[in-house]
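*Asks:* Take a look at the following structure, please.
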Amino acid sequence: MSTKNMIKISNLQKYYRTEEVETVALNNLNIHVKEGEFVAVMGPSGCGKSTLLNIIGLLDDLDEGSYLFNDIEVAKFKERGRSDLRKHNIGFVFQSFNLIDELTVFENVELPLVYTNVPAAERKRRVEEVLEKVQIMHRRNHFPQQLSGGQQQRVAVARAVVNNPKLILADEPTGNLDSNNGNEVMQLLTELNEAGTTIVMVTHSEHDAKFSDRVIRMLDGQVIMETSALKQNG
Amino acid sequence: MNNFKLIFRQLWRNRLFTLLNIVGLSIGISACWVIFRIVNYEFSFDQKQPDKELIYKVHTSYLENNKTDNFDGIPAPLPAFVKENLSDMALSVPIFNQYFERVSRPNQANNPLIFEDQKNIFGTTSDYFKLADYRWLQGNKDHVFKQPNEVVLTESRAKLYFPKQELADIMGKTLSYDSTLFTVTGIVEDLTYPSSFIGKEFIQIPSKDWNSTTWTNSNSDWQLFIKIKSHQVITPLLKSINAKAHEMTHEEFKKYGFSMSANVIPLSELHFTSFAQKSTDKKTMYGIIGIGIFLLILACINYINLTTAQVPHRAKEIGIRKTLGESQKRITFIFFLETFIIAILALLLSWPLVQIIQTSLSSYIPKEMYSFADNLTVLLFIAGTTILITLISSWYPALLINKVRISEVIKITGGSKVNMGGLSLRKALIVFQFVIAQVFVVSTFIIGMQLKHSLNSKLGFNKDAIITMQLPYKSYQNAGTDPFTYKHALTGLSAIKRVSLGHLPMSSDHWGNSIVAKSDTGEIRVDHQFKFIDEDYFKLYDIRILAGREIKLADSTSGIALNLVAIERLGFKSASDAIGSFVKIDDKDKQIVTVIDNFHSKNMHSKIGPLELRPSNKKGQLKTISVQLPEHQEKWSSALQQIEKEWKKYYPNAPFKYEFYDQQIKNQYENDTKFSKIINLSTSITILLSCLGLIGLVTITTAQRTKEIGIRKVLGSKISGIVQLLSKEYLKLIFISILIASPIAWWAMHHWLNDFAYKINLSWWMFAIPAVITLLIAFITMSYHSIKAARANPVESLRDE
């Protein structure tokens with residue numbers, strides 16, 4: 001783990017407005033994540049952890065505050081800049097897998113490489129390599145709905161890492177999986193982290209949180225506690 | 001990644017929507033396709049004619065009581081006058097229509113080729129070929145009409161008259177026009193573009209016409225084109241012509257209180273000049289262009305509705321793509337590409353649809369259009385339309401899809417919770433579609449009612465079990481035979497009830513004149529129509545006599561029958577009062593011997609006017625024979641056989657043709673029936689498109705309300721309650737459409753009915769019944785989706801929470 005901050009968020013404010021009320025989702029939030037670190041974000045439903053993850057992933061705007069990504073201020077980035085930064089640096093793993101139903105396993109994993117203009121032959125090599133790694137190669141021509149939940153999540157992880165991102169954001173990656181499949185996914189993430197990838201994971205599960213280096217606990221849009229986890233390796 | 005592969009998977013996955021979209025767009029495209037072909041044909045008339053800006057058609061205008069009446073014809077001496085006196089200003093080209101009973105090839109006893117009633121045979125001068133731009137296949141334009149009785153044929157006619165012969169071999173051959181022989185001295189290629197020069201055979205203008213001195217008689221068969229040397233000569237040219245016309249007609253026309261002058265229409269405007277022969281109404285053209293644009297817009301609205309309905313289902317996919325770094329530009333591009341593919345598929349489906357439309361509306365489509373197919377322009381138009389449809393139809397769904405907030409959709413497994421906004425726009429579009437549809441539904445209903453009214457109203461005479469026949473008018477068909485001979489032959493047949501000669505009671509066959517009656521203050525002049533009849537006419541047609549006696553042939557010198565309207569207009573107090581009175585017609589005294597009840601002598605568009613029935617025994621005045629068949633229909637076939645047998649005896653060279661009179665009366669409403677057919681088609685199209693749009697909107701809202709429906713069911717709601725809940729909102733929209741459409745439909749139908757003298761009265765229920773029909777159609781359309789949503793297991797819809 002490096003001592004350099006990959007993510008540094010200061011004084012972050014995020015509101016949700018409806019016609020009648022304005023709700024504070026994140027309130028004066030400050031966090032940092034170091035390069036190569038594995039951070040788990042925990043807290044009860046509605047505490048703002050997913051919102052935080054969306055902001056880190058540049059999927060959502062912040063209303064006030066600063067967000068430095070590798071020392072570059074990205075809070076004011078336009079959609080195009082965000083999209084560029086995302087596709088080159090960030091991989092996503094979601095609780096509900098979010099695979100595209102119309103695409104095969106191979107095509108789903110290939111997608112990030114298409115957007116970064118990787119040549120076709122190179123794409124094939126890298127997709128096959130990563131599918132081997134997550135042990136789903138034999139299902140490469142199947143569509144997502146033909147796979148089990150655990151298999152789908154492995155495809156999602158493969159898709160998240162195929163572009164060798166510096167950062168993986170995982171939103172309750174084991175939420176829809178049984179414990180065996182969940183452990184497999186956590187193992188995969190740990191391996192990636194050991195290989196140098198920074199991971200920020202939102203989770204409800206104390207068990208999963210034990211795989212991380214540090215746990216950030218949130219309540220009502222604020223960080224209430226940070227603890228170093230007693231890291232377990234499977 | 002292959003975009004096409006992905007798009008096709010997407011389209012296949014949503015097969016129903018894809019199909020609805022393709023069908024919707026193909027309706028718009030095929031309508032535009034047909035309309036463009038017609039409009040393109042009509043607007044291309046004379047546009048390829050060389051020097052078109054220098055060519056004019058001369059016509060006459062009659063000024064009476066400060067009202068000018070234009071007439072597309074000229075006095076016969078005019079072309080020679082221009083040629084002889086004004087040739088320094090213009091080339092004078094007469095086109096005098098020539099009528100021949102038959103054209104045939106002489107000396108072909110074994111294999112006679114006879115062509116009856118050939119059209120477009122023109123008498124002209126060799127100058128015609130300096131004006132019209134023909135390619136000469138045989139002969140030469142500088143060497144025509146040097147000898148008497150020469151004929152120049154177009155290639156199509158040459159091949160018709162001399163099948164399987166080389167064009168060169170046809171030169172010098174003779175053709176018989178009735179009894180006159182003409183020698184073929186030239187063959188020209190048919191014009192390859194739509195033109196006002198429609199001649200197919202050309203002979204020299206008959207000398208009696210060219211040398212005519214009768215300036216007071218104009219005829220629509222006589223036409224004159226001029227090609228001017230420069231635009232400056234138009235004014236002096238017309239001045240000279242009118243000075244001559246005035247000199248030759250003033251004295252005579254002054255007696256009747258009008259004057260005549262000549263005017264010109266530029267060739268480029270001729271096809272759209274209302275009083276010109278074979279002209280097309282420009283307003284109608286703009287009308288159908290409007291319909292085309294309208295249908296296209298409806299089709300695009302439909303696409304937008306259906307596609308935006310799918311947006312929530314696709315939002316997740318778009319969200320994931322965006323998360324992985326796909327740019328907005330690329331997403332938009334793929335969306336446009338998808339629309340383009342659907343538009344292309346719709347285009348493919350349009351091809352058979354166009355054939356169906358062209359067949360079913362063939363009476364509206366000019367036949368000549370097919371001989372001048374302008375495929376390249378049509379192709380360019382279709383390509384342009386397809387691109388335009390793509391742009392119009394995809395902008396809104398693309399905009400919407402780009403608005404999808406990634407952070408909202410990636411959490412969701414289905415699309416049911418995505419807030420798509422813009423629902424009010426789609427509701428507005430649905431209302432718009434249904435307003436149009438409802439106007440058409442009401443129109444269909446009212447037009448149908450009026451047609452029924454026209455056909456079933458009492459006409460004032462009997463029309464059933466009567467057949468009519470036109471007696472031959474061609475000399476070789478024994479036109480000279482006295483019609484009474486044939487009539488008497490038929491009267492002798494036991495199978496036949498009655499026979500009568502004369503103009504049919506309701507038809508366009510009649511003559512016009514005026515009746516003058518003496519009154520206390522002087523004279524009353526009444527313009528009227530008269531029909532020639534014989535003595536059996538009243539009985540056969542069951543025409544009611546109000547006063548006087550039945551008319552006899554002996555009355556033909558001075559006795560007449562008048563209808564009640566004529567009697568009233570002439571100032572008689574009653575029908576019996578008029579009997580025995582004398583009136584003047586053509587300065588001759590006529591005695592009113594019969595007063596008949598009014599009957600409809602024209603269709604329901606016209607008011608019953610003053611009518612005279614005049615007995616006649618002259619064969620030239622009695623060209624139609626009516627036969628009343630026996631009451632029992634099973635005896636008709638033998639009666640018809642006997643009628644035909646007699647016909648063959650008296651008119652062996654004429655084909656035996658008869659028509660049932662009730663059918664002929666129906667044909668009087670041919671234009672109305674055609675119009676009603678168009679309206680019916682438009683109604684079907686607009687209702688179909690509106691329902692497609694409705695399906696789209698219902699799909700989206702039921703998807704959005706899946707959870708609500710689930711909760712309601714868990715809490716005990718019945719299926720009917722859910723269906724009601726889902727349908728209510730849309731029925732409300734359709735009700736709003738009906739409210740907006742009703743006054744529009746009322747206005748349009750009021751306008752249309754104004755054209756009928758005898759019409760139905762518009763009433764509230766004529767709007768209420770179509771409204772109920774539309775609501776029912778809409779309800780049935782919606783019920784599939786709403787019932788499906790209502791019957792769904794709530795466990796399914798609530799599980800992902």
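By convention in this document, the chains of the structure tokens carry letters A, B, ... by their order, each chain's residues are numbered from 1, and ligands are numbered from 1 in the order they are shown.
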Hey, list the chain B side of the contact with chain A: 6 Å cut-off, only C-alpha atoms, answer as number ranges by chain.
*Replies:* B: 317, 324-326, 407
*Asks:* Out of range 440-628 of chain B, which residues get alpha helix (DSSP H) from DSSP, as a count of residues only?
*Replies:* 41
*Asks:* Enter the distance from CA of Ser371 in chain B to CA of Thr192 in chain B, in Å, rounded to one decimal.
*Replies:*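 Between these atoms lies a distance of 8.2 Å.
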*Asks:* Within 8 Å of Gln153 in chain A, counting only C-alpha atoms, which residues show up once you throw out same-chain ones fewer than 3 positions away? Write them as a list in words, please.
*Replies:*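 After dropping sequence-adjacent residues, the list is Val93, Phe97, Gly149, Gly150, Ala156, Val157, Pro173 and Val185 of chain A.
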*Asks:* Give me the residues near Phe122 in chain B as a PyMOL selection string, where near means some atom within 9 Å (using only C-alpha atoms) and where sequence neighbours in that chain fewer than 3 positions away do not count.
*Replies:* chain B and resi 95-99+119+199-205
*Asks:* Please determine, counting only C-alpha atoms, which residue among B:Met171, B:Leu726, B:Ile687, B:Ile382 has the shortest atom-to-atom distance to Val439 in chain B.
*Replies:*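 Looking at the shortest contact to Val439 in chain B, the residue is B:Ile687.
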*Asks:* Which residues are near Val130 in chain A? Cut-off 9 Å, only C-alpha atoms, ignore same chain within fewer than 2 positions. Put them as a list of chain:residue names.
*Replies:*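 Once the adjacent positions are removed, what remains is A:Val109, A:Arg125, A:Arg126, A:Val127, A:Glu128, A:Glu132, A:Lys133, A:Val134, A:Gln135, A:Ile136, A:Met137, A:Ala158, A:Arg159, A:Val161, A:Val162.
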*Asks:* Can I get the selected residues back with C-alpha atoms, as a PDB file, in the first residue's frame?
*Replies:*
```pdb
ATOM      1  CA  VAL A 109     -16.796  -8.294 -20.332  1.00  0.00           C
ATOM      2  CA  ARG A 125      -6.952 -12.060 -25.474  1.00  0.00           C
ATOM      3  CA  ARG A 126      -7.684  -9.943 -22.418  1.00  0.00           C
ATOM      4  CA  VAL A 127     -11.322 -11.023 -22.085  1.00  0.00           C
ATOM      5  CA  GLU A 128     -10.359 -14.683 -22.291  1.00  0.00           C
ATOM      6  CA  GLU A 132     -10.130 -17.846 -17.110  1.00  0.00           C
ATOM      7  CA  LYS A 133      -9.158 -16.018 -13.963  1.00  0.00           C
ATOM      8  CA  VAL A 134     -12.740 -15.883 -12.658  1.00  0.00           C
ATOM      9  CA  GLN A 135     -13.322 -19.450 -13.929  1.00  0.00           C
ATOM     10  CA  ILE A 136     -16.245 -18.673 -16.180  1.00  0.00           C
ATOM     11  CA  MET A 137     -14.563 -19.277 -19.531  1.00  0.00           C
ATOM     12  CA  ALA A 158     -14.354  -9.838 -14.664  1.00  0.00           C
ATOM     13  CA  ARG A 159     -15.909  -6.884 -16.462  1.00  0.00           C
ATOM     14  CA  VAL A 161     -11.175  -5.628 -13.881  1.00  0.00           C
ATOM     15  CA  VAL A 162     -10.688  -6.331 -17.582  1.00  0.00           C
TER      16      VAL A 162
END
```
*Asks:* Counting only C-alpha atoms, figure out which residue out of B:Leu175, B:Ile719, B:Leu6, B:Leu380 gets nearest to Ala792 in chain B.
*Replies:*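 Among the listed residues, B:Ile719 lies closest to Ala792 in chain B.
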*Asks:* Just the residues within 10 Å of Thr198 in chain A, please, counting only C-alpha atoms, with nothing from its chain fewer than 3 positions along; format it as JSON, numbers by chain.
*Replies:* {"A": [1, 6, 7, 33, 34, 35, 36, 37, 38, 39, 90, 165, 166, 167, 168, 169, 189, 192, 193, 194, 195, 201]}
*Asks:* Convert the current residue selection to file output with C-alpha atoms, as an mmCIF file, in the first residue's frame.
*Replies:*
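File written: result.cif
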```
data_model
loop_
_atom_site.group_PDB
_atom_site.id
_atom_site.type_symbol
_atom_site.label_atom_id
_atom_site.label_comp_id
_atom_site.auth_asym_id
_atom_site.auth_seq_id
_atom_site.Cartn_x
_atom_site.Cartn_y
_atom_site.Cartn_z
ATOM 1 C CA MET A 1 0.000 0.000 0.000
ATOM 2 C CA MET A 6 -5.802 8.197 -4.513
ATOM 3 C CA ILE A 7 -9.044 9.723 -3.286
ATOM 4 C CA VAL A 33 -8.372 6.436 0.347
ATOM 5 C CA LYS A 34 -4.770 5.538 -0.283
ATOM 6 C CA GLU A 35 -3.462 3.865 -3.379
ATOM 7 C CA GLY A 36 -3.709 0.089 -2.992
ATOM 8 C CA GLU A 37 -5.950 0.317 0.035
ATOM 9 C CA PHE A 38 -9.044 -1.869 0.547
ATOM 10 C CA VAL A 39 -11.711 0.212 2.297
ATOM 11 C CA ILE A 90 -12.561 2.763 -12.375
ATOM 12 C CA PRO A 165 -8.548 -0.160 -13.409
ATOM 13 C CA LYS A 166 -6.714 1.519 -10.579
ATOM 14 C CA LEU A 167 -9.865 1.581 -8.491
ATOM 15 C CA ILE A 168 -12.711 -0.886 -8.025
ATOM 16 C CA LEU A 169 -15.943 0.303 -6.491
ATOM 17 C CA LEU A 189 -11.481 -8.892 -4.733
ATOM 18 C CA LEU A 192 -7.074 -7.980 -7.004
ATOM 19 C CA ASN A 193 -6.234 -5.789 -4.051
ATOM 20 C CA GLU A 194 -3.093 -7.761 -3.404
ATOM 21 C CA ALA A 195 -2.144 -7.207 -7.005
ATOM 22 C CA MET A 201 -16.620 -1.542 -0.996
#
```
*Asks:* Provide the CA of Ile331 in chain B to CA of Asn402 in chain B distance in Å, to one decimal place.
*Replies:* 7.6 Å
*Asks:* How many Å lie between CA of Asp577 in chain B and CA of Asp597 in chain B, rounded to one decimal?
*Replies:*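 If I compute the distance from CA of Asp577 in chain B to CA of Asp597 in chain B, I get 14.6 Å.
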*Asks:* Write out as a VMD selection string all residues of range 572-608 of chain B that DSSP puts in strand (DSSP E or B) for this structure's backbone.
*Replies:* chain B and resid 582 to 585 588 to 596
*Asks:* Can you tell me which residues surround Asn27 in chain A at a distance of at most 9 Å, considering only C-alpha atoms, apart from same-chain residues fewer than 5 positions away, and format the answer as a list of chain:residue names?
*Replies:*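 These residues fall inside the cut-off: A:Asn11, A:Leu12, A:Gln13, A:Lys14, A:Tyr15, A:Asp220, A:Gly221, A:Gln222, A:Val223.
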*Asks:* Just write the chosen residues, N, CA and C atoms, as a PDB file, in the first residue's frame.
*Replies:*
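Produced file again03.pdb, reproduced below:
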```
ATOM      1  N   ASN A  11     -15.103  18.165   2.804  1.00  0.00           N
ATOM      2  CA  ASN A  11     -16.313  18.991   3.020  1.00  0.00           C
ATOM      3  C   ASN A  11     -17.421  18.699   2.010  1.00  0.00           C
ATOM      4  N   LEU A  12     -17.640  17.460   1.753  1.00  0.00           N
ATOM      5  CA  LEU A  12     -18.633  17.070   0.744  1.00  0.00           C
ATOM      6  C   LEU A  12     -20.057  17.251   1.270  1.00  0.00           C
ATOM      7  N   GLN A  13     -20.848  17.979   0.476  1.00  0.00           N
ATOM      8  CA  GLN A  13     -22.272  18.133   0.777  1.00  0.00           C
ATOM      9  C   GLN A  13     -23.051  17.557  -0.400  1.00  0.00           C
ATOM     10  N   LYS A  14     -24.094  16.795  -0.098  1.00  0.00           N
ATOM     11  CA  LYS A  14     -24.953  16.295  -1.172  1.00  0.00           C
ATOM     12  C   LYS A  14     -26.398  16.345  -0.702  1.00  0.00           C
ATOM     13  N   TYR A  15     -27.225  17.014  -1.513  1.00  0.00           N
ATOM     14  CA  TYR A  15     -28.643  17.127  -1.151  1.00  0.00           C
ATOM     15  C   TYR A  15     -29.478  16.379  -2.160  1.00  0.00           C
ATOM     16  N   ASP A 220     -26.332   8.871   9.015  1.00  0.00           N
ATOM     17  CA  ASP A 220     -26.977  10.128   8.613  1.00  0.00           C
ATOM     18  C   ASP A 220     -26.068  11.029   7.769  1.00  0.00           C
ATOM     19  N   GLY A 221     -25.389  10.437   6.828  1.00  0.00           N
ATOM     20  CA  GLY A 221     -24.603  11.244   5.882  1.00  0.00           C
ATOM     21  C   GLY A 221     -23.269  11.696   6.431  1.00  0.00           C
ATOM     22  N   GLN A 222     -22.885  11.169   7.554  1.00  0.00           N
ATOM     23  CA  GLN A 222     -21.588  11.581   8.103  1.00  0.00           C
ATOM     24  C   GLN A 222     -20.760  10.362   8.490  1.00  0.00           C
ATOM     25  N   VAL A 223     -19.435  10.539   8.494  1.00  0.00           N
ATOM     26  CA  VAL A 223     -18.563   9.460   8.956  1.00  0.00           C
ATOM     27  C   VAL A 223     -18.535   9.536  10.477  1.00  0.00           C
TER      28      VAL A 223
END
```
